[in-house]
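I have placed the structure first, in the form of structure tokens, so that the comments after it can refer back to it.
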Amino acid sequence: MTLAATGELVAAAVAERGAVAAFNIITLEHIEAVIAGAEAADAPVVLQVSENTVKFRHGRLLPLARAA
């Protein structure tokens, strides 16, 4: 998958009268599952890393963000 700005994804979805799925991710397994599903559906997806996710990961955002 390629990296894209959320605004670009939403604008394209509006133009096509579609939607963009968004998921809060907590673990690497969540990331893998969401990406696999998005690729299989050939659909864009937004991955959100919340403050609680960072707290769950003991304040370590960078490894999770890089994986996402």
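Letters A, B, ... mark the chains of the structure tokens in the order given; residue numbers begin at 1 per chain; ligand numbers begin at 1, in order shown.
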Could you pull out the residues in chain A that DSSP calls strand (DSSP E) from the backbone, as a PDB file with C-alpha atoms, in the first residue's frame?
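Dumped everything to out36.pdb:
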```
ATOM      1  CA  ALA A  21     -12.653   2.830   6.510  1.00  0.00           C
ATOM      2  CA  ALA A  22     -10.678   3.893   9.579  1.00  0.00           C
ATOM      3  CA  PHE A  23      -9.318   1.607  12.274  1.00  0.00           C
ATOM      4  CA  ASN A  24      -7.681   2.206  15.628  1.00  0.00           C
ATOM      5  CA  VAL A  45      -7.880   2.611   4.806  1.00  0.00           C
ATOM      6  CA  VAL A  46      -6.895   4.994   7.595  1.00  0.00           C
ATOM      7  CA  LEU A  47      -4.841   3.614  10.471  1.00  0.00           C
ATOM      8  CA  GLN A  48      -5.179   5.577  13.697  1.00  0.00           C
TER       9      GLN A  48
END
```
Residues flagged alpha helix (DSSP H) by DSSP in chain A, as number ranges by chain: A: 6-15, 28-41, 51-56, 61-67
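Of the listed residues (A:Ile26, A:Gly37, A:Glu8, A:Asp42), A:Ile26 comes nearest to His58 of chain A; the distances count only C-alpha atoms.
If you measure from each of A:Arg60, A:Thr53, A:Pro44, A:Arg66 to Ala19 of chain A using only C-alpha atoms, the closest one turns out to be A:Pro44.
Between Ser50 of chain A and the candidates A:Leu62, A:Ala68, A:Ile25, A:Ala13, the tightest atom-to-atom separation, counting only C-alpha atoms, involves A:Ile25.
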Which of A:Ala15, A:Arg57, A:Val20, A:Thr27 sits closest to Ala41 of chain A [using only C-alpha atoms]: A:Val20
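Between atom CA of Leu28 of chain A and atom CA of Thr6 of chain A the interatomic distance comes to 20.9 Å.
Separating atom CA of Pro63 of chain A from atom CA of Ala11 of chain A is a distance of 29.3 Å.
Taking atom CA of Ala67 of chain A as the reference point, atom CA of Ala43 of chain A is found at 19.1 Å.
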